[in-house]
Structure formats: C-alpha cells, structure tokens
Amino acid sequence: MAWRGMLSVWASWWRVWARILFIVLPLAGAVMTTSCSEQSSSDSPEPDPDPDPDPDPDPDPDPDPDPDPDPDPDPGPDPGPDPDPDPDCPTPEEGLPIVPCEVGFGITTPAGSGRNVNPPKTTVYRVTNLDPDGDGSLKACIDASGPRTCIFEISGTIDLTEMGMISINNEYLTIAGQTAPSPGIMIRGASLRIEANDVLIQHIRVRTGDAVEGRDPGDRDGLYAIGKSDDPDRQPHNVVLDHLSVSWGIDETFTVKDTAKNVTILHSIVSEGLWYNMHPKGGHSKGLMISAENMLVKGNLIAHHDDRAPLETTPAAITVNNVTYNTRQVGMRLSPLSNNENHDGKVRRTTVAGNVRLKGPSSDEGRDSAWVVVSEDRSGSEIYIEDNLCDGWENPDWPCVRVDTDEGMGFRVSNPPLWIDGLSVLPASKALDYVLANAGARPAERDEVDARIVNDVVNRTGKIVDCVGPEDIEADGEVIDCENNAGGWPEMEVNTRPLTLPEDYNAVTPSGYTELEVWLHDMAKQVE
C-alpha cells in the first residue's frame with residue numbers, strides 16, 4: 001500500500017506544476033510576441049498657353065540601315081539594378097517619395113500635400129458632382145491655388161467634350177482618383193494639360209475621343225505635360241503620373257514635352273491612339289512621346305498604336321519594365337536630339353532595360369520590328385540598351401536594337417550612364433506579368449476598356465482602331481469609316497460615397513507623411 005501513497009503524492013505535485021505551467025507559459029509567449037512585434041516595427045519603419053507647336057518630324061520609319069557593328073565587347077545584361085527587387089521601400093536620401101516605395105525624377109515633390117509650407121497645410125476639395133465646372137467639380141479644385149488635394153465622393157464620367165481641354169496652371173496639386181467610389185473617374189472628350197510645377201495625378205482615366213466638336217484634332221492629345229521655352233512660368237517641373245489610363249488620342253495619346261523637367265510616369269496604360277480619324281496628316285495613332293529632360297518611364301503598358309511606343313527625344317531618360325504590344329511599326333524610337341532645339345548643346349544619356357515588345361495582329365510583318373531604333377548622331381552620347389525582349393527581331397550585335405545612324409553603334413556603353421539610387425528593375429522575363437497585373441487606373445477593378453486591352457495582350461488579340469465607334473463620323477464634309485473601332489464609350493456607373501477625413505489631416509505622422517497622405521496611401525492600396 002506504500003506505493004499507492006507515493007503515487008498520490010506525485011499526482012498532487014504534478015497538478016500543482018501543471019497549473020503553474022498553464023499560467024506562466026502563455027504569459028511568456030505574450031512577452032515574446034510583443035518583443036518580436038516591437039523589433040519588427042523598429043526594423044521596418046514606414047518610409048520616413050499657347051497651343052502646342054507642331055510635333056517634331058517623325059524620323060524615317062523604316063530606312064534600310066547597314067551599320068558597322070562594333071559594340072563594346074560582351075556587355076553584361078545586368079543594367080545595374082537588383083534582378084530580384086527588395087520588397088521593402090527604398091530609403092530616400094533627399095526626401096519622401098510622393099508615391100511610397102517609389103523612386104524617380106521629381107518623385108520627392110510635395111505635390112498637394114502641403115509639406116512645402118511650415119507647418120504643413122493643404123486644402124481638401126471634395127468633388128461631389130460630374131459637372132464640367134462650378135462648385136463641387138474637379139475643375140474647381142484644379143483652378144484653385146495653393147497646396148490642394150482633390151478627393152472624389154462620386155464616380156462616373158466627367159464629360160468635357162465641349163470644353164475640349166482642362167489645364168492645370170497652378171502648382172502644388174494632388175488629384176487622388178483612388179478616393180472615388182467604384183468604378184472610379186473617367187475624363188471624357190478633353191485633353192488634360194499640365195503646365196504647373198509639383199503635380200501628382202493618380203488613378204484617373206483620360207479618354208479624349210473623336211467627337212466632331214472639341215479640341216483641334218491635329219492637337220488633340222490625351223494627357224500632356226508641356227512647357228513654353230520663352231515663358232519660365234510655364235515649364236512644369238516635378239510631375240508624377242501614377243496608375244493612369246490614357247486612351248483614344250488623335251494626335252499623341254500621351255506626351256511630356258520639351259521644357260518640362262523631372263517627370264515620372266509609373267504603372268499606366270497608354271492605349272489605342274486613333275489611326276485614320278480626323279488628324280490632318282491622315283493616319284496617326286501615336287502612343288507616348290517623351291522629350292522632357294530627366295524622365296523615368298516604368299511599368300507601363302503601351303498597346304495598339306502605329307508608332308511611338310514610346311518616341312524618346314530627351315538628353316536624360318530611363319525606360320524600364322514597360323510592355324509594348326501591337327505596334328504596326330517598331331516599339332521605341334530614340335529620335336536624335338538634333339530634332340529638338342530645346343536640347344541644343346546637350347548630350348544624350350539613355351538607359352533602357354527590362355522591357356518587352358510583343359507583336360500583334362496589326363504589326364506589319366513586312367517590317368523589321370526591333371524593340372528600339374537608335375537614330376542618335378549627337379557626339380558624346382551614351383546609350384545603354386540591354387536585357388530587353390523583342391518578338392521576332394534578331395540582331396546578335398546589339399540585341400533588340402536597330403541602328404539607323406553611322407555613329408549609333410559607337411554610343412553603346414556597358415553600364416547605365418543614367419541611374420537613380422534605389423531603382424529596382426525586374427529582368428525582362430518577368431516584366432510582362434508584372435505590368436499586366438499592375439498597370440492602369442485602379443487595376444484591382446479595371447473598367448471594360450482597360451480589361452479588354454489587357455486581355456488582348458494575354459491572348460495576342462485586338463487591333464489598331466480608327467474610331468471610338470461604332471458609328472461613322474462626318475466631319476468637314478467627309479465621312480470617316482469607323483468599321484475598325486473600340487466598341488464605343490464605356491458606361492461608368494455613378495455612385496456616391498461620403499468621405500471622412502482624418503481629424504487633423506495636416507498633422508505630420510512619424511513616417512514624415514501627413515495624416516491625409518497616409519489616408520490616401522491606404523485608399524490607393526484598396527484599388528491597386
């Protein structure tokens with residue numbers, strides 16, 4: 001019987017220890033969890049007009065070059081960036097990026113945040129209707145002065161056809177299309193023109209179209225930032241264009257020109273420049289033209305154009321991780337600086353890496369279709385073009401490149417002559433999936449036009465279109481055949497949603513952003 005007594009004693013002690021462990025272990029785990037959470041937080045803090053001049057003459061689209069291939073020996077395909085970008089935000093050296101986790105030219109603009117004054121202060125304008133102007137309109141916010149932010153309590157189409165153009169003339173502006181209720185905002189029938197410094201535009205669709213009334217068809221771009229060389233007050237600097245969808249231009253679809261400077265275009269869709277429509281030159285359908293100094297063009301989809309996808313005439317630009325689909329001619333053109341008198345005396349420094357050019361049903365099989373055509377002849381230029389993919393074009397001497405000048409091959413360098421600290425670039429093999437997932441306004445809920453464009457790329461379908469359609473157009477006594485059309489204007493549902501701002505939205509958070517900016521960042525994440 002003694003063993004039974006000993007067993008009883010051991011059982012009593014075990015019950016005591018079990019109760020102690022039941023209490024102590026969860027407390028220890030909670031302490032460890034709190035400690036790890038605090039450590040993670042400290043290790044990864046939040047990141048503190050005159051009308052346009054006529055376009056430059058289009059270079060000979062398809063000369064028959066016979067360059068003397070003499071590139072630098074075996075240049076490495078790595079453009080310098082990390083091929084597997086770090087998911088953490090880059091650490092800013094000169095200031096906060098207006099779009100978190102991005103780098104670029106002009107990216108540290110305060111835009112409409114109010115951080116350019118001390119203490120920070122912005123005025124929030126609520127867009128509550130779809131009227132072309134007046135109280136509660138988008139134009140009322142654009143036309144105001146001082147740091148200001150446009151937020152949207154309504155979705156739908158802002159029809160500016162009769163106006164023909166809406167101009168941004170006053171600096172320090174943020175247009176936050178991500179704040180609109182689903183399905184978002186579309187500007188119809190007008191060119192959106194930027195002539196002011198320090199502007200951020202996000203998650204807006206700009207679809208110009210082919211209404212007979214409206215802006216002169218020969219100058220009917222979709223969106224453009226443009227300056228005037230003889231007016232220093234009209235030379236827009238520090239412009240960031242993020243997650244936009246721009247379609248159906250009759251001249252250029254998207255343009256950043258000449259005396260603009262420090263411009264970044266991110267994650268946008270540029271699609272369906274109208275071909276045989278009302279342009280005085282006849283067939284046009286041009287995609288993206290960039291000629292401003294210091295430009296970053298990253299992560300964009302340029303689809304269904306005759307040419308200029310993009311056309312680049314600037315002394316300093318970086319073009320990375322873009323996808324061009326279904327251009328009739330080539331993808332990108334490096335037009336000579338001599339075509340642009342605003343860049344007289346300057347030397348080209350160009351970096352092009354990690355891009356993809358895909359043929360489509362409208363691509364001319366009779367043309368040699370390189371990703372890039374180099375037409376530069378400016379002495380001292382440095383051009384880095386490596387790790388790009390081109391569909392059906394081969395040049396073992398300089399992959400994906402066609403050289404149209406005797407001097408061109410001599411400009412090839414083996415390291416990027418222009419770079420931005422913190423810029424991460426995917427290898428070209430990963431660019432297509434990335435762009436299709438992220439490009440355009442509100443990619444998490446694309447409208448029918450953008451969804452169709454992306455589907456075309458996936459399935460290698462679609463074509464260059466002449467009209468928005470489907471009806472034929474009668475203009476100046478002539479009838480334009482609109483058999484090749486984009487299917488007509490999308491129906492944008494009108495929804496309203498009141499927005500509750502942070503209580504003290506001008507207050508600066510520990511991250512360095514204001515409470516309003518943090519709120520806008522969260523709204524952007526919901527639609528990206």
# chains A, B, ... in the order shown; residues from 1 in each chain; ligands from 1
call {"tool": "closest_atom_pairs", "arguments": {"of": "range 154-269 of chain A", "to": "range 478-492 of chain A", "cutoff": "8 Å", "atoms": "only C-alpha atoms", "output": "CSV"}}
result
residue,atom,partner,partner_atom,distance
A:Ser155,CA,A:Met492,CA,7.5
A:Gly156,CA,A:Met492,CA,4.8
A:Thr157,CA,A:Met492,CA,6.0
A:Pro183,CA,A:Met492,CA,6.8
A:Gly184,CA,A:Met492,CA,7.9
A:Ile185,CA,A:Met492,CA,7.9
A:Met186,CA,A:Met492,CA,7.6
call {"tool": "residues_around", "arguments": {"residues": "Asn118 in chain A", "least_positions_apart": "6", "cutoff": "12 Å", "atoms": "only C-alpha atoms", "output": "list in words"}}
result
Asn506, Ala507 and Val508 of chain A
call {"tool": "closest_residue", "arguments": {"among": "A:Lys286, A:Lys261, A:His267, A:Arg357", "to": "Pro315 in chain A", "atoms": "only C-alpha atoms"}}
result
A:Lys261
call {"tool": "residues_around", "arguments": {"residues": "Val356 in chain A", "least_positions_apart": "5", "cutoff": "8 Å", "atoms": "only C-alpha atoms", "output": "VMD selection string"}}
result
chain A and resid 321 to 324 371 388 to 390 428 431 to 432
call {"tool": "residues_around", "arguments": {"residues": "Thr208 in chain A", "least_positions_apart": "4", "cutoff": "9 Å", "atoms": "only C-alpha atoms", "output": "PyMOL selection string"}}
result
chain A and resi 161+164+187-192+220-223+246-250+253
call {"tool": "write_last_selection", "arguments": {"atoms": "C-alpha atoms", "output": "CSV table (one decimal), in the first residue's frame"}}
result
chain,number,residue,atom,x,y,z
A,161,THR,CA,-16.1,67.5,-74.7
A,164,GLY,CA,-12.0,70.4,-75.2
A,187,ILE,CA,-12.5,62.3,-68.1
A,188,ARG,CA,-14.2,62.2,-71.5
A,189,GLY,CA,-13.6,64.3,-74.6
A,190,ALA,CA,-10.8,66.6,-73.5
A,191,SER,CA,-7.1,66.9,-73.2
A,192,LEU,CA,-5.7,67.1,-69.7
A,220,ARG,CA,-5.8,66.5,-79.5
A,221,ASP,CA,-3.6,64.6,-77.2
A,222,GLY,CA,-5.0,62.7,-74.2
A,223,LEU,CA,-2.7,63.9,-71.4
A,246,VAL,CA,-5.0,57.3,-71.3
A,247,SER,CA,-6.7,56.3,-74.5
A,248,TRP,CA,-8.1,57.5,-77.8
A,249,GLY,CA,-5.9,60.5,-78.6
A,250,ILE,CA,-6.0,61.7,-82.2
A,253,THR,CA,-2.1,59.8,-76.8
call {"tool": "select_by_dssp", "arguments": {"residues": "range 58-258 of chain A", "states": "helix (DSSP H, G or I)", "output": "PyMOL selection string"}}
result
chain A and resi 111-113+138-143+177-179+217-219+232-234
call {"tool": "write_last_selection", "arguments": {"atoms": "N, CA and C atoms", "output": "mmCIF file, in the first residue's frame"}}
result
data_model
loop_
_atom_site.group_PDB
_atom_site.id
_atom_site.type_symbol
_atom_site.label_atom_id
_atom_site.label_comp_id
_atom_site.auth_asym_id
_atom_site.auth_seq_id
_atom_site.Cartn_x
_atom_site.Cartn_y
_atom_site.Cartn_z
ATOM 1 N N ALA A 111 3.839 67.858 -53.974
ATOM 2 C CA ALA A 111 2.566 67.946 -54.708
ATOM 3 C C ALA A 111 1.560 68.735 -53.874
ATOM 4 N N GLY A 112 0.368 68.186 -53.681
ATOM 5 C CA GLY A 112 -0.657 68.921 -52.941
ATOM 6 C C GLY A 112 -0.709 68.625 -51.466
ATOM 7 N N SER A 113 0.336 67.991 -50.930
ATOM 8 C CA SER A 113 0.310 67.574 -49.519
ATOM 9 C C SER A 113 0.383 68.736 -48.549
ATOM 10 N N LEU A 138 -14.413 68.879 -60.408
ATOM 11 C CA LEU A 138 -12.966 68.670 -60.455
ATOM 12 C C LEU A 138 -12.262 69.950 -60.883
ATOM 13 N N LYS A 139 -12.829 70.682 -61.827
ATOM 14 C CA LYS A 139 -12.199 71.894 -62.316
ATOM 15 C C LYS A 139 -12.066 72.943 -61.208
ATOM 16 N N ALA A 140 -13.014 72.988 -60.289
ATOM 17 C CA ALA A 140 -12.923 73.939 -59.184
ATOM 18 C C ALA A 140 -11.688 73.671 -58.347
ATOM 19 N N CYS A 141 -11.356 72.410 -58.140
ATOM 20 C CA CYS A 141 -10.147 72.060 -57.388
ATOM 21 C C CYS A 141 -8.907 72.378 -58.207
ATOM 22 N N ILE A 142 -8.921 72.022 -59.492
ATOM 23 C CA ILE A 142 -7.757 72.265 -60.349
ATOM 24 C C ILE A 142 -7.454 73.751 -60.443
ATOM 25 N N ASP A 143 -8.485 74.585 -60.570
ATOM 26 C CA ASP A 143 -8.292 76.018 -60.788
ATOM 27 C C ASP A 143 -7.951 76.791 -59.522
ATOM 28 N N GLY A 177 -7.504 60.046 -57.589
ATOM 29 C CA GLY A 177 -8.620 59.294 -58.145
ATOM 30 C C GLY A 177 -8.956 58.041 -57.366
ATOM 31 N N GLN A 178 -8.019 57.560 -56.540
ATOM 32 C CA GLN A 178 -8.280 56.363 -55.751
ATOM 33 C C GLN A 178 -9.369 56.585 -54.706
ATOM 34 N N THR A 179 -9.692 57.845 -54.406
ATOM 35 C CA THR A 179 -10.697 58.117 -53.378
ATOM 36 C C THR A 179 -12.122 57.968 -53.892
ATOM 37 N N PRO A 217 -8.347 68.491 -83.878
ATOM 38 C CA PRO A 217 -7.850 67.111 -83.968
ATOM 39 C C PRO A 217 -6.343 67.020 -84.186
ATOM 40 N N GLY A 218 -5.748 68.026 -84.816
ATOM 41 C CA GLY A 218 -4.310 67.990 -85.031
ATOM 42 C C GLY A 218 -3.512 68.239 -83.777
ATOM 43 N N ASP A 219 -4.189 68.601 -82.691
ATOM 44 C CA ASP A 219 -3.515 68.889 -81.420
ATOM 45 C C ASP A 219 -4.303 68.270 -80.267
ATOM 46 N N PRO A 232 9.265 81.230 -68.488
ATOM 47 C CA PRO A 232 9.761 80.397 -67.387
ATOM 48 C C PRO A 232 8.680 79.984 -66.398
ATOM 49 N N ASP A 233 7.538 80.662 -66.400
ATOM 50 C CA ASP A 233 6.443 80.292 -65.504
ATOM 51 C C ASP A 233 5.592 79.154 -66.070
ATOM 52 N N ARG A 234 5.917 78.735 -67.281
ATOM 53 C CA ARG A 234 5.142 77.655 -67.895
ATOM 54 C C ARG A 234 6.082 76.555 -68.375
#
call {"tool": "residues_around", "arguments": {"residues": "Asn340 in chain A", "least_positions_apart": "4", "cutoff": "9 Å", "atoms": "only C-alpha atoms", "output": "count of residues only"}}
result
7
call {"tool": "select_by_dssp", "arguments": {"residues": "range 281-344 of chain A", "states": "strand (DSSP E or B)", "output": "count of residues only"}}
result
32
call {"tool": "closest_residue", "arguments": {"among": "A:Glu394, A:Asp198, A:Glu382, A:Glu528", "to": "Glu445 in chain A", "atoms": "only C-alpha atoms"}}
result
A:Glu528
call {"tool": "atom_distance", "arguments": {"atom1": "CA of Tyr513 in chain A", "atom2": "CA of His243 in chain A"}}
result
20.3 Å
call {"tool": "closest_residue", "arguments": {"among": "A:Ile166, A:Gly227, A:Ser137, A:Gln202", "to": "Ala524 in chain A", "atoms": "only C-alpha atoms"}}
result
A:Gln202
